[in-house]
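**Q** What follows is final-v1.pdb, made up of PDB, C-alpha atoms:
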ATOM      1  CA  MET A   1     182.544-107.590 104.724  1.00  0.00           C
ATOM      2  CA  LYS A   2     184.566-110.503 106.083  1.00  0.00           C
ATOM      3  CA  PRO A   3     188.213-110.598 104.940  1.00  0.00           C
ATOM      4  CA  LEU A   4     189.174-113.283 102.444  1.00  0.00           C
ATOM      5  CA  LEU A   5     192.279-115.438 102.878  1.00  0.00           C
ATOM      6  CA  HIS A   6     194.119-117.128 100.019  1.00  0.00           C
ATOM      7  CA  ILE A   7     197.108-119.313 100.859  1.00  0.00           C
ATOM      8  CA  ALA A   8     199.564-119.871  98.000  1.00  0.00           C
ATOM      9  CA  ALA A   9     202.123-122.647  97.860  1.00  0.00           C
ATOM     10  CA  SER A  10     205.015-120.289  97.124  1.00  0.00           C
ATOM     11  CA  VAL A  11     205.958-116.658  96.544  1.00  0.00           C
ATOM     12  CA  ALA A  12     205.768-117.315  92.814  1.00  0.00           C
ATOM     13  CA  GLU A  13     202.195-118.602  93.120  1.00  0.00           C
ATOM     14  CA  LEU A  14     201.305-115.711  95.423  1.00  0.00           C
ATOM     15  CA  SER A  15     202.665-113.212  92.895  1.00  0.00           C
ATOM     16  CA  GLN A  16     200.716-114.863  90.089  1.00  0.00           C
ATOM     17  CA  ALA A  17     197.496-114.655  92.100  1.00  0.00           C
ATOM     18  CA  ALA A  18     198.179-111.003  92.911  1.00  0.00           C
ATOM     19  CA  ALA A  19     198.935-110.225  89.267  1.00  0.00           C
ATOM     20  CA  THR A  20     195.716-111.879  88.142  1.00  0.00           C
ATOM     21  CA  GLU A  21     193.812-109.801  90.691  1.00  0.00           C
ATOM     22  CA  PHE A  22     195.599-106.624  89.584  1.00  0.00           C
ATOM     23  CA  VAL A  23     194.702-107.203  85.930  1.00  0.00           C
ATOM     24  CA  ARG A  24     191.091-108.074  86.727  1.00  0.00           C
ATOM     25  CA  GLN A  25     190.571-104.988  88.845  1.00  0.00           C
ATOM     26  CA  ALA A  26     192.331-102.741  86.338  1.00  0.00           C
ATOM     27  CA  LYS A  27     190.106-103.894  83.505  1.00  0.00           C
ATOM     28  CA  GLU A  28     186.926-103.561  85.571  1.00  0.00           C
ATOM     29  CA  ALA A  29     187.803-100.068  86.802  1.00  0.00           C
ATOM     30  CA  VAL A  30     188.770 -98.788  83.360  1.00  0.00           C
ATOM     31  CA  GLN A  31     185.630-100.235  81.818  1.00  0.00           C
ATOM     32  CA  ALA A  32     183.478 -98.657  84.548  1.00  0.00           C
ATOM     33  CA  LYS A  33     185.049 -95.208  84.784  1.00  0.00           C
ATOM     34  CA  GLY A  34     188.015 -94.935  82.440  1.00  0.00           C
ATOM     35  CA  VAL A  35     190.725 -94.948  85.106  1.00  0.00           C
ATOM     36  CA  PHE A  36     192.344 -97.352  87.574  1.00  0.00           C
ATOM     37  CA  THR A  37     193.958 -95.974  90.726  1.00  0.00           C
ATOM     38  CA  VAL A  38     196.369 -98.134  92.679  1.00  0.00           C
ATOM     39  CA  SER A  39     198.419 -97.442  95.805  1.00  0.00           C
ATOM     40  CA  LEU A  40     201.681 -99.383  95.844  1.00  0.00           C
ATOM     41  CA  SER A  41     203.551-100.886  98.777  1.00  0.00           C
ATOM     42  CA  GLY A  42     207.238-101.364  99.385  1.00  0.00           C
ATOM     43  CA  GLY A  43     208.839-104.668 100.332  1.00  0.00           C
ATOM     44  CA  SER A  44     210.154-107.819  98.698  1.00  0.00           C
ATOM     45  CA  THR A  45     206.780-109.521  98.171  1.00  0.00           C
ATOM     46  CA  PRO A  46     205.226-106.594  96.245  1.00  0.00           C
ATOM     47  CA  LYS A  47     208.473-106.350  94.268  1.00  0.00           C
ATOM     48  CA  SER A  48     207.883-109.889  92.993  1.00  0.00           C
ATOM     49  CA  LEU A  49     204.419-108.805  91.843  1.00  0.00           C
ATOM     50  CA  TYR A  50     205.719-105.695  90.074  1.00  0.00           C
ATOM     51  CA  THR A  51     208.442-107.690  88.337  1.00  0.00           C
ATOM     52  CA  LEU A  52     205.915-110.257  87.140  1.00  0.00           C
ATOM     53  CA  LEU A  53     203.523-107.616  85.776  1.00  0.00           C
ATOM     54  CA  ALA A  54     206.365-106.053  83.809  1.00  0.00           C
ATOM     55  CA  ASP A  55     208.241-109.152  82.647  1.00  0.00           C
ATOM     56  CA  ASP A  56     205.399-111.538  81.798  1.00  0.00           C
ATOM     57  CA  ALA A  57     204.376-110.606  78.259  1.00  0.00           C
ATOM     58  CA  SER A  58     200.770-111.779  78.578  1.00  0.00           C
ATOM     59  CA  LEU A  59     200.225-109.924  81.843  1.00  0.00           C
ATOM     60  CA  ARG A  60     201.924-106.788  80.590  1.00  0.00           C
ATOM     61  CA  ALA A  61     199.741-106.786  77.486  1.00  0.00           C
ATOM     62  CA  ALA A  62     196.580-107.220  79.577  1.00  0.00           C
ATOM     63  CA  VAL A  63     197.065-104.085  81.695  1.00  0.00           C
ATOM     64  CA  PRO A  64     195.589-100.820  80.308  1.00  0.00           C
ATOM     65  CA  TRP A  65     198.690 -98.865  81.319  1.00  0.00           C
ATOM     66  CA  ASN A  66     197.538 -95.549  79.847  1.00  0.00           C
ATOM     67  CA  GLN A  67     194.614 -95.501  82.269  1.00  0.00           C
ATOM     68  CA  VAL A  68     196.490 -96.675  85.388  1.00  0.00           C
ATOM     69  CA  HIS A  69     197.497 -94.062  87.967  1.00  0.00           C
ATOM     70  CA  PHE A  70     200.109 -95.095  90.519  1.00  0.00           C
ATOM     71  CA  PHE A  71     200.333 -93.754  94.052  1.00  0.00           C
ATOM     72  CA  TRP A  72     202.171 -94.937  97.170  1.00  0.00           C
ATOM     73  CA  GLY A  73     200.896 -95.865 100.606  1.00  0.00           C
ATOM     74  CA  ASP A  74     204.065 -94.653 102.269  1.00  0.00           C
ATOM     75  CA  GLU A  75     207.609 -93.539 101.625  1.00  0.00           C
ATOM     76  CA  ARG A  76     210.869 -93.199 103.472  1.00  0.00           C
ATOM     77  CA  HIS A  77     212.276 -89.724 104.055  1.00  0.00           C
ATOM     78  CA  VAL A  78     214.891 -90.277 101.343  1.00  0.00           C
ATOM     79  CA  PRO A  79     215.509 -89.161  97.736  1.00  0.00           C
ATOM     80  CA  PRO A  80     213.906 -91.174  94.897  1.00  0.00           C
ATOM     81  CA  ASP A  81     217.242 -92.755  93.924  1.00  0.00           C
ATOM     82  CA  HIS A  82     217.995 -93.943  97.476  1.00  0.00           C
ATOM     83  CA  PRO A  83     218.255 -97.745  97.961  1.00  0.00           C
ATOM     84  CA  GLU A  84     215.491 -97.604 100.620  1.00  0.00           C
ATOM     85  CA  SER A  85     213.053 -95.618  98.470  1.00  0.00           C
ATOM     86  CA  ASN A  86     209.739 -97.392  97.847  1.00  0.00           C
ATOM     87  CA  TYR A  87     209.405 -95.361  94.662  1.00  0.00           C
ATOM     88  CA  ARG A  88     212.802 -96.502  93.397  1.00  0.00           C
ATOM     89  CA  MET A  89     211.911-100.158  93.952  1.00  0.00           C
ATOM     90  CA  ALA A  90     208.665 -99.923  91.968  1.00  0.00           C
ATOM     91  CA  HIS A  91     210.327 -97.742  89.342  1.00  0.00           C
ATOM     92  CA  GLU A  92     213.105-100.252  88.690  1.00  0.00           C
ATOM     93  CA  ALA A  93     210.972-103.406  89.015  1.00  0.00           C
ATOM     94  CA  MET A  94     208.026-102.254  86.903  1.00  0.00           C
ATOM     95  CA  LEU A  95     207.539 -98.629  85.902  1.00  0.00           C
ATOM     96  CA  THR A  96     210.621 -98.391  83.659  1.00  0.00           C
ATOM     97  CA  LYS A  97     209.506-101.507  81.752  1.00  0.00           C
ATOM     98  CA  VAL A  98     205.874-100.688  80.972  1.00  0.00           C
ATOM     99  CA  PRO A  99     204.195 -97.995  78.834  1.00  0.00           C
ATOM    100  CA  VAL A 100     202.758 -95.944  81.675  1.00  0.00           C
ATOM    101  CA  PRO A 101     202.635 -92.179  81.015  1.00  0.00           C
ATOM    102  CA  PRO A 102     204.959 -90.253  83.376  1.00  0.00           C
ATOM    103  CA  ALA A 103     202.031 -88.023  84.371  1.00  0.00           C
ATOM    104  CA  ASN A 104     200.278 -91.137  85.762  1.00  0.00           C
ATOM    105  CA  VAL A 105     202.991 -91.683  88.394  1.00  0.00           C
ATOM    106  CA  HIS A 106     202.292 -89.735  91.584  1.00  0.00           C
ATOM    107  CA  ARG A 107     205.202 -90.280  93.954  1.00  0.00           C
ATOM    108  CA  ILE A 108     205.784 -88.959  97.457  1.00  0.00           C
ATOM    109  CA  LYS A 109     208.703 -86.512  97.368  1.00  0.00           C
ATOM    110  CA  GLY A 110     210.728 -87.904 100.233  1.00  0.00           C
ATOM    111  CA  GLU A 111     213.750 -85.850  99.210  1.00  0.00           C
ATOM    112  CA  TYR A 112     212.345 -82.668 100.775  1.00  0.00           C
ATOM    113  CA  PRO A 113     214.362 -81.587 103.845  1.00  0.00           C
ATOM    114  CA  GLN A 114     211.129 -81.408 105.844  1.00  0.00           C
ATOM    115  CA  ALA A 115     209.092 -84.620 105.838  1.00  0.00           C
ATOM    116  CA  GLY A 116     206.010 -82.566 106.698  1.00  0.00           C
ATOM    117  CA  HIS A 117     206.416 -80.675 103.420  1.00  0.00           C
ATOM    118  CA  ALA A 118     206.386 -83.974 101.518  1.00  0.00           C
ATOM    119  CA  ALA A 119     203.231 -85.077 103.359  1.00  0.00           C
ATOM    120  CA  ASP A 120     201.490 -81.744 102.740  1.00  0.00           C
ATOM    121  CA  GLU A 121     202.301 -81.802  99.029  1.00  0.00           C
ATOM    122  CA  TYR A 122     201.205 -85.417  98.670  1.00  0.00           C
ATOM    123  CA  GLU A 123     197.914 -84.637 100.401  1.00  0.00           C
ATOM    124  CA  GLN A 124     197.380 -81.785  97.950  1.00  0.00           C
ATOM    125  CA  THR A 125     198.147 -84.137  95.047  1.00  0.00           C
ATOM    126  CA  LEU A 126     195.517 -86.569  96.330  1.00  0.00           C
ATOM    127  CA  ARG A 127     192.919 -83.830  96.767  1.00  0.00           C
ATOM    128  CA  GLU A 128     193.517 -82.449  93.275  1.00  0.00           C
ATOM    129  CA  PHE A 129     193.305 -85.892  91.675  1.00  0.00           C
ATOM    130  CA  PHE A 130     190.386 -87.434  93.586  1.00  0.00           C
ATOM    131  CA  HIS A 131     188.427 -84.269  94.472  1.00  0.00           C
ATOM    132  CA  PRO A 132     186.928 -85.771  97.647  1.00  0.00           C
ATOM    133  CA  ALA A 133     183.914 -83.965  99.036  1.00  0.00           C
ATOM    134  CA  ALA A 134     184.227 -82.172 102.363  1.00  0.00           C
ATOM    135  CA  GLY A 135     184.709 -84.734 105.102  1.00  0.00           C
ATOM    136  CA  GLN A 136     185.315 -87.534 102.598  1.00  0.00           C
ATOM    137  CA  PHE A 137     188.522 -89.345 101.632  1.00  0.00           C
ATOM    138  CA  PRO A 138     190.078 -90.514  98.340  1.00  0.00           C
ATOM    139  CA  ARG A 139     188.892 -93.954  97.238  1.00  0.00           C
ATOM    140  CA  PHE A 140     191.615 -96.035  95.608  1.00  0.00           C
ATOM    141  CA  ASP A 141     190.475 -98.849  93.357  1.00  0.00           C
ATOM    142  CA  LEU A 142     193.275-101.043  94.710  1.00  0.00           C
ATOM    143  CA  LEU A 143     195.476-100.625  97.753  1.00  0.00           C
ATOM    144  CA  LEU A 144     198.442-102.957  98.229  1.00  0.00           C
ATOM    145  CA  LEU A 145     199.786-103.430 101.746  1.00  0.00           C
ATOM    146  CA  GLY A 146     202.252-105.572 103.645  1.00  0.00           C
ATOM    147  CA  ILE A 147     202.989-106.175 107.316  1.00  0.00           C
ATOM    148  CA  GLY A 148     206.195-105.794 109.294  1.00  0.00           C
ATOM    149  CA  PRO A 149     207.380-108.021 112.150  1.00  0.00           C
ATOM    150  CA  ASP A 150     205.925-105.501 114.626  1.00  0.00           C
ATOM    151  CA  GLY A 151     202.523-105.529 112.907  1.00  0.00           C
ATOM    152  CA  HIS A 152     202.947-102.175 111.176  1.00  0.00           C
ATOM    153  CA  THR A 153     201.464-101.535 107.752  1.00  0.00           C
ATOM    154  CA  ALA A 154     202.225 -98.683 105.372  1.00  0.00           C
ATOM    155  CA  SER A 155     204.240 -96.514 107.817  1.00  0.00           C
ATOM    156  CA  LEU A 156     201.726 -96.822 110.634  1.00  0.00           C
ATOM    157  CA  PHE A 157     203.915 -98.212 113.401  1.00  0.00           C
ATOM    158  CA  PRO A 158     202.793 -99.273 116.884  1.00  0.00           C
ATOM    159  CA  GLY A 159     202.575 -96.373 119.292  1.00  0.00           C
ATOM    160  CA  THR A 160     203.012 -93.629 116.689  1.00  0.00           C
ATOM    161  CA  ALA A 161     200.930 -90.488 116.376  1.00  0.00           C
ATOM    162  CA  ALA A 162     199.677 -91.184 112.856  1.00  0.00           C
ATOM    163  CA  LEU A 163     197.489 -94.020 114.147  1.00  0.00           C
ATOM    164  CA  HIS A 164     195.181 -91.430 115.692  1.00  0.00           C
ATOM    165  CA  GLU A 165     194.884 -89.098 112.699  1.00  0.00           C
ATOM    166  CA  GLN A 166     191.290 -88.838 111.484  1.00  0.00           C
ATOM    167  CA  ALA A 167     191.296 -85.745 109.248  1.00  0.00           C
ATOM    168  CA  ARG A 168     194.532 -85.637 107.258  1.00  0.00           C
ATOM    169  CA  LEU A 169     195.143 -87.738 104.127  1.00  0.00           C
ATOM    170  CA  ALA A 170     198.912 -88.012 104.547  1.00  0.00           C
ATOM    171  CA  VAL A 171     201.231 -87.219 107.444  1.00  0.00           C
ATOM    172  CA  ALA A 172     204.891 -87.286 108.398  1.00  0.00           C
ATOM    173  CA  ASN A 173     205.030 -89.949 111.096  1.00  0.00           C
ATOM    174  CA  TRP A 174     207.979 -89.980 113.519  1.00  0.00           C
ATOM    175  CA  VAL A 175     209.217 -93.535 114.165  1.00  0.00           C
ATOM    176  CA  ASP A 176     211.479 -93.814 117.197  1.00  0.00           C
ATOM    177  CA  LYS A 177     212.971 -97.177 116.244  1.00  0.00           C
ATOM    178  CA  PHE A 178     214.409 -95.643 113.061  1.00  0.00           C
ATOM    179  CA  ASN A 179     214.996 -92.174 114.512  1.00  0.00           C
ATOM    180  CA  ALA A 180     213.377 -90.906 111.336  1.00  0.00           C
ATOM    181  CA  TYR A 181     210.179 -89.716 109.754  1.00  0.00           C
ATOM    182  CA  ARG A 182     208.099 -91.793 107.363  1.00  0.00           C
ATOM    183  CA  ILE A 183     205.478 -90.234 105.098  1.00  0.00           C
ATOM    184  CA  THR A 184     202.294 -92.296 105.134  1.00  0.00           C
ATOM    185  CA  LEU A 185     198.664 -92.342 104.167  1.00  0.00           C
ATOM    186  CA  THR A 186     196.349 -92.252 107.156  1.00  0.00           C
ATOM    187  CA  LEU A 187     193.924 -94.931 108.309  1.00  0.00           C
ATOM    188  CA  PRO A 188     190.797 -93.140 106.987  1.00  0.00           C
ATOM    189  CA  VAL A 189     192.340 -93.076 103.496  1.00  0.00           C
ATOM    190  CA  LEU A 190     193.474 -96.698 103.643  1.00  0.00           C
ATOM    191  CA  ASN A 191     190.070 -97.867 104.863  1.00  0.00           C
ATOM    192  CA  SER A 192     188.262 -95.921 102.128  1.00  0.00           C
ATOM    193  CA  ALA A 193     189.770 -98.076  99.362  1.00  0.00           C
ATOM    194  CA  ALA A 194     187.464-100.185  97.208  1.00  0.00           C
ATOM    195  CA  ASN A 195     189.826-103.169  97.373  1.00  0.00           C
ATOM    196  CA  ILE A 196     192.674-103.824  99.820  1.00  0.00           C
ATOM    197  CA  VAL A 197     195.137-106.647  99.269  1.00  0.00           C
ATOM    198  CA  PHE A 198     197.748-107.649 101.846  1.00  0.00           C
ATOM    199  CA  LEU A 199     200.749-109.486 100.386  1.00  0.00           C
ATOM    200  CA  VAL A 200     202.611-111.535 103.005  1.00  0.00           C
ATOM    201  CA  SER A 201     205.318-114.160 102.510  1.00  0.00           C
ATOM    202  CA  GLY A 202     208.037-115.910 104.493  1.00  0.00           C
ATOM    203  CA  GLY A 203     208.206-117.901 107.690  1.00  0.00           C
ATOM    204  CA  GLU A 204     209.503-114.865 109.605  1.00  0.00           C
ATOM    205  CA  LYS A 205     206.052-113.298 109.172  1.00  0.00           C
ATOM    206  CA  ALA A 206     204.141-116.322 110.536  1.00  0.00           C
ATOM    207  CA  GLU A 207     203.827-115.192 114.165  1.00  0.00           C
ATOM    208  CA  THR A 208     202.908-111.646 113.167  1.00  0.00           C
ATOM    209  CA  LEU A 209     200.321-112.857 110.685  1.00  0.00           C
ATOM    210  CA  ARG A 210     198.719-115.084 113.314  1.00  0.00           C
ATOM    211  CA  ALA A 211     198.659-112.173 115.786  1.00  0.00           C
ATOM    212  CA  VAL A 212     197.068-109.858 113.211  1.00  0.00           C
ATOM    213  CA  LEU A 213     194.409-112.321 112.084  1.00  0.00           C
ATOM    214  CA  HIS A 214     193.670-114.141 115.346  1.00  0.00           C
ATOM    215  CA  GLY A 215     195.129-112.067 118.176  1.00  0.00           C
ATOM    216  CA  GLU A 216     193.424-109.556 120.431  1.00  0.00           C
ATOM    217  CA  PRO A 217     191.771-107.012 118.094  1.00  0.00           C
ATOM    218  CA  GLY A 218     193.235-103.532 117.828  1.00  0.00           C
ATOM    219  CA  ARG A 219     196.662-104.256 119.311  1.00  0.00           C
ATOM    220  CA  LEU A 220     198.572-104.034 116.025  1.00  0.00           C
ATOM    221  CA  PRO A 221     198.285-101.350 113.331  1.00  0.00           C
ATOM    222  CA  ALA A 222     197.544-103.904 110.598  1.00  0.00           C
ATOM    223  CA  GLN A 223     194.455-104.956 112.550  1.00  0.00           C
ATOM    224  CA  LEU A 224     193.043-101.449 112.064  1.00  0.00           C
ATOM    225  CA  ILE A 225     192.687-102.016 108.337  1.00  0.00           C
ATOM    226  CA  ASN A 226     188.973-102.575 107.898  1.00  0.00           C
ATOM    227  CA  PRO A 227     187.537-101.123 104.680  1.00  0.00           C
ATOM    228  CA  THR A 228     184.352 -99.143 105.217  1.00  0.00           C
ATOM    229  CA  ARG A 229     182.912 -99.940 101.779  1.00  0.00           C
ATOM    230  CA  GLY A 230     185.317-102.370 100.196  1.00  0.00           C
ATOM    231  CA  THR A 231     186.903-105.809 100.131  1.00  0.00           C
ATOM    232  CA  LEU A 232     189.897-107.065 102.098  1.00  0.00           C
ATOM    233  CA  LEU A 233     191.981-109.934 100.727  1.00  0.00           C
ATOM    234  CA  TRP A 234     194.977-111.563 102.382  1.00  0.00           C
ATOM    235  CA  LEU A 235     197.309-113.239  99.862  1.00  0.00           C
ATOM    236  CA  VAL A 236     199.895-115.199 101.854  1.00  0.00           C
ATOM    237  CA  ASP A 237     202.291-117.987 101.089  1.00  0.00           C
ATOM    238  CA  ARG A 238     202.373-121.314 102.909  1.00  0.00           C
ATOM    239  CA  GLN A 239     205.352-120.380 105.062  1.00  0.00           C
ATOM    240  CA  ALA A 240     203.710-117.211 106.351  1.00  0.00           C
ATOM    241  CA  ALA A 241     200.495-119.172 106.983  1.00  0.00           C
ATOM    242  CA  ARG A 242     202.112-122.065 108.866  1.00  0.00           C
ATOM    243  CA  LEU A 243     200.756-120.974 112.271  1.00  0.00           C
ATOM    244  CA  LEU A 244     197.199-120.209 111.141  1.00  0.00           C
TER     245      LEU A 244
END
The structure in this file should be written as C-alpha cells.
**A**
Amino acid sequence: MKPLLHIAASVAELSQAAATEFVRQAKEAVQAKGVFTVSLSGGSTPKSLYTLLADDASLRAAVPWNQVHFFWGDERHVPPDHPESNYRMAHEAMLTKVPVPPANVHRIKGEYPQAGHAADEYEQTLREFFHPAAGQFPRFDLLLLGIGPDGHTASLFPGTAALHEQARLAVANWVDKFNAYRITLTLPVLNSAANIVFLVSGGEKAETLRAVLHGEPGRLPAQLINPTRGTLLWLVDRQAARLL
C-alpha cells in the first residue's frame, strides 16, 4: 500500500492529528479484539503527542486506557530514570498522568549490565504477549517512529548489524557513533505492524526527510520501513516538509 503523507502547519497541529489517529485506532482495535497494542518512540515530537494525550481532557477521556498495552520500539542502554531513557520520557509525559494499569506497560530493561540480556528478555516478553506462530512476528496495532539526521529509525542506524536481522524480534545493536549499544526491534517486527506512523518535525529534518521519501531507495534505514500487511502514514510539519 502506498504511504500517506500529511503535512501539518505546526508541531501543535501535527500532535493533534497524531492524537486523533491514536484515539481512532485505539477504539477500533478494542472494539474488534478487546486490546490495543502500541509501540512508542522516543524524541521530542512523540513527546508532544504523549503530553497532549495526557493533558487534553477530551482526548484522555476518549482513550480506553485499561485495554491499551504499551511497548517500545527501542531503548538506550541506560536505567529507566536516566535522562536519555525513552521509557522515562513517555512515563513522565503521559503514563504517570493516565489510568493505565502498570501491568500494561512493557518496557525494555536497559539497566541490565549486558544489553543482550535486555534484548533477550524483551523478545521473550513479546513472544509471551503476542504468541506469534513459528516463523511469524508480533503485529502491533500501532507503531510510532521517528527519523534521525542520518536516516535511522528506532535504533536501526546506517551500517549496523541489526539491519540484516531476519529472525530475532529484538537485538542489542552496537552503534559506533555513540560507542554504545541500543536495544531495538528488528525490521521484520516493525514491518509486521498493522499501522505505522512516522512523526517528523523541524527544519533540521528537511533534508533527511527528502532523502528518505525521494532519494535512492534502500540507502537509509528509514527507507526499509515498508509494512507487509499494513498502512504507513507520514505526519510531518511544514518545516520538515519544506524541501518536498
**Q** Please, what distance in Å, to one decimal, runs between CA of His164 (chain A) and CA of Lys177 (chain A)?
**A**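 One can read the CA of His164 (chain A) to CA of Lys177 (chain A) distance as 18.7 Å.
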**Q** Would you tabulate, counting all atoms listed in the file, all residues of region 138-160 of chain A that have an atom at most 6 Å from an atom of region 184-195 of chain A, showing the closest pair of atoms and their distance in Å to one decimal, sorted by chain then ascending number, as a tab-separated table?
**A**
residue	atom	partner	partner_atom	distance
A:Arg139	CA	A:Ala193	CA	4.7
A:Phe140	CA	A:Ala193	CA	4.7
A:Asp141	CA	A:Ala194	CA	5.1
A:Leu142	CA	A:Asn195	CA	4.8
A:Ser155	CA	A:Thr184	CA	5.4
**Q** Please write as a VMD selection string the list of polymer residues whose atoms come within 12 Å of (199.0, -101.0, 107.3), counting all atoms listed in the file and keeping to the coordinates of the file.
**A** chain A and resid 40 to 42 73 to 74 143 to 158 162 to 163 184 to 191 196 to 200 212 220 to 227
**Q** Tell me, in Å to one decimal, how far CA of Lys2 (chain A) is from CA of Leu233 (chain A).
**A** 9.2 Å
**Q** Just say which residues the PyMOL selection byres ((chain A and resi 14-28) around 7) picks in this file, as a PyMOL selection string.
**A** chain A and resi 8+10-13+29-32+36+48-49+53+62-63+235-237
**Q** Which value, in Å to one decimal, gives the distance between CA of Phe137 (chain A) and CA of Ala118 (chain A)?
**A** 18.7 Å
**Q** Reconstruct region 195-202 of chain A at the level of all heavy atoms, and format the result as a CSV table (one decimal), keeping the file's coordinate frame.
**A**
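rebuild_7.csv, freshly written:
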chain,number,residue,atom,x,y,z
A,195,ASN,N,189.2,-101.8,97.2
A,195,ASN,CA,189.8,-103.2,97.4
A,195,ASN,C,191.2,-103.0,98.0
A,195,ASN,O,192.0,-102.3,97.6
A,195,ASN,CB,190.0,-103.9,96.0
A,195,ASN,CG,188.7,-104.0,95.3
A,195,ASN,OD1,187.9,-104.9,95.5
A,195,ASN,ND2,188.4,-103.1,94.3
A,196,ILE,N,191.4,-103.8,99.1
A,196,ILE,CA,192.7,-103.8,99.8
A,196,ILE,C,193.2,-105.2,99.7
A,196,ILE,O,192.5,-106.2,100.0
A,196,ILE,CB,192.5,-103.4,101.3
A,196,ILE,CG1,191.9,-102.0,101.4
A,196,ILE,CG2,193.9,-103.5,102.0
A,196,ILE,CD1,191.6,-101.5,102.8
A,197,VAL,N,194.5,-105.3,99.4
A,197,VAL,CA,195.1,-106.6,99.3
A,197,VAL,C,196.4,-106.6,100.1
A,197,VAL,O,197.3,-105.8,99.8
A,197,VAL,CB,195.4,-107.0,97.8
A,197,VAL,CG1,196.2,-108.4,97.8
A,197,VAL,CG2,194.2,-107.1,97.0
A,198,PHE,N,196.5,-107.5,101.1
A,198,PHE,CA,197.7,-107.6,101.8
A,198,PHE,C,198.6,-108.7,101.2
A,198,PHE,O,198.0,-109.8,100.8
A,198,PHE,CB,197.5,-108.1,103.3
A,198,PHE,CG,197.2,-107.0,104.3
A,198,PHE,CD1,195.9,-106.5,104.5
A,198,PHE,CD2,198.3,-106.4,104.9
A,198,PHE,CE1,195.7,-105.5,105.5
A,198,PHE,CE2,198.1,-105.3,105.8
A,198,PHE,CZ,196.8,-104.9,106.1
A,199,LEU,N,199.8,-108.5,100.9
A,199,LEU,CA,200.7,-109.5,100.4
A,199,LEU,C,201.8,-109.9,101.5
A,199,LEU,O,202.5,-109.0,101.9
A,199,LEU,CB,201.5,-108.9,99.2
A,199,LEU,CG,200.6,-108.4,98.0
A,199,LEU,CD1,201.4,-107.7,97.0
A,199,LEU,CD2,199.8,-109.5,97.4
A,200,VAL,N,201.8,-111.1,101.9
A,200,VAL,CA,202.6,-111.5,103.0
A,200,VAL,C,203.3,-112.9,102.7
A,200,VAL,O,202.6,-113.8,102.3
A,200,VAL,CB,201.8,-111.7,104.3
A,200,VAL,CG1,202.7,-112.0,105.5
A,200,VAL,CG2,200.9,-110.5,104.6
A,201,SER,N,204.6,-112.9,102.8
A,201,SER,CA,205.3,-114.2,102.5
A,201,SER,C,206.5,-114.3,103.5
A,201,SER,O,207.0,-113.4,104.1
A,201,SER,CB,205.9,-114.2,101.1
A,201,SER,OG,206.8,-113.2,100.9
A,202,GLY,N,206.9,-115.6,103.7
A,202,GLY,CA,208.0,-115.9,104.5
A,202,GLY,C,207.7,-116.4,105.9
A,202,GLY,O,206.8,-115.8,106.5
